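Notes follow once the structure below has been shown.
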Amino acid sequence: MHADYHFGNLLFDRGGSVVAVLDWEIAEIGQPLIDLSCLAVAGMSGGAETVGPVPGPTIEAPQLAALYSADTTELEWYCAFSCYKYSAVYAYNLMLHRRGKRIDPFLTHGLTILRGHDQVGSAGGGEGG
């Protein structure tokens with residue numbers, strides 16, 4: 001498995017087809033649903049946004065599980081795991097950005113992946129929440 005399989009590690013041609021997968025340094029033998037769930041997390045936009053050169057996926061977890069002959073409950077668990085992993089990465093990058101150690105234009109313009117988690121206060125985002 002790739003272990004960091006998301007759109008940022010894919011190269012697309014002008015037609016939107018994947019032509020390369022990058023960033024293999026943490027690849028290992030493991031559960032393929034980890035890679036599938038990494039991509040599925042991008043689909044949480046419901047297709048409303050563009051992901052790279054292609055529209056965001058609109059497929060729901062049960063349909064995706066059926067396409068890959070996977071158990072829906074197991075895939076949903078791995079999707080939750082991927083959200084947890086990406087929220088930790090996001091929080092770390094946001095901390096570095098706010099300290100001026102790694103300025104990220106994505107964060108400079110107030111764009112957030114996790115609504116409410118960009119606020120000072122509790123983990124729920126905001127005071128006491």
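Each chain in the structure tokens gets a letter, A, B and so on, in the order shown; residues start at 1 in every chain, and ligands are counted from 1 in the order they appear.
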**OP:** For stretch 63-69 of chain A, work out the shell of residues within 12 Å, counting only C-alpha atoms and skipping chain neighbours fewer than 2 positions away, then give it as a ChimeraX atom specification.
**Re:** /A:32-33,36-37,39-41,43,57-61,71-79
Subject >> Coordinates-based distance that separates atom CA of A:Asp35 from atom CA of A:Ala80 (Å, one decimal) >> reply: 12.7 Å
Subject >> Within 12 Å of A:Ile29 using only C-alpha atoms, minus same-chain residues under 6 positions, as a list in words >> reply: Met1, His2, Ala3 and Asp35 of chain A
Original post:
In Å to one decimal, how far is atom CA of A:Ile26 from atom CA of A:Arg14?
Top reply: 28.1 Å
Subject >> Point-to-point distance in Å for atom CA of A:Cys38 and atom CA of A:Gly100 >> reply: 28.4 Å
Original post:
Which is closest to A:Tyr90 among A:Glu28, A:Phe12, A:Leu107, A:Asp4, if we use only C-alpha atoms?
Top reply: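 Using only C-alpha atoms, A:Tyr90 sits closest to A:Leu107.
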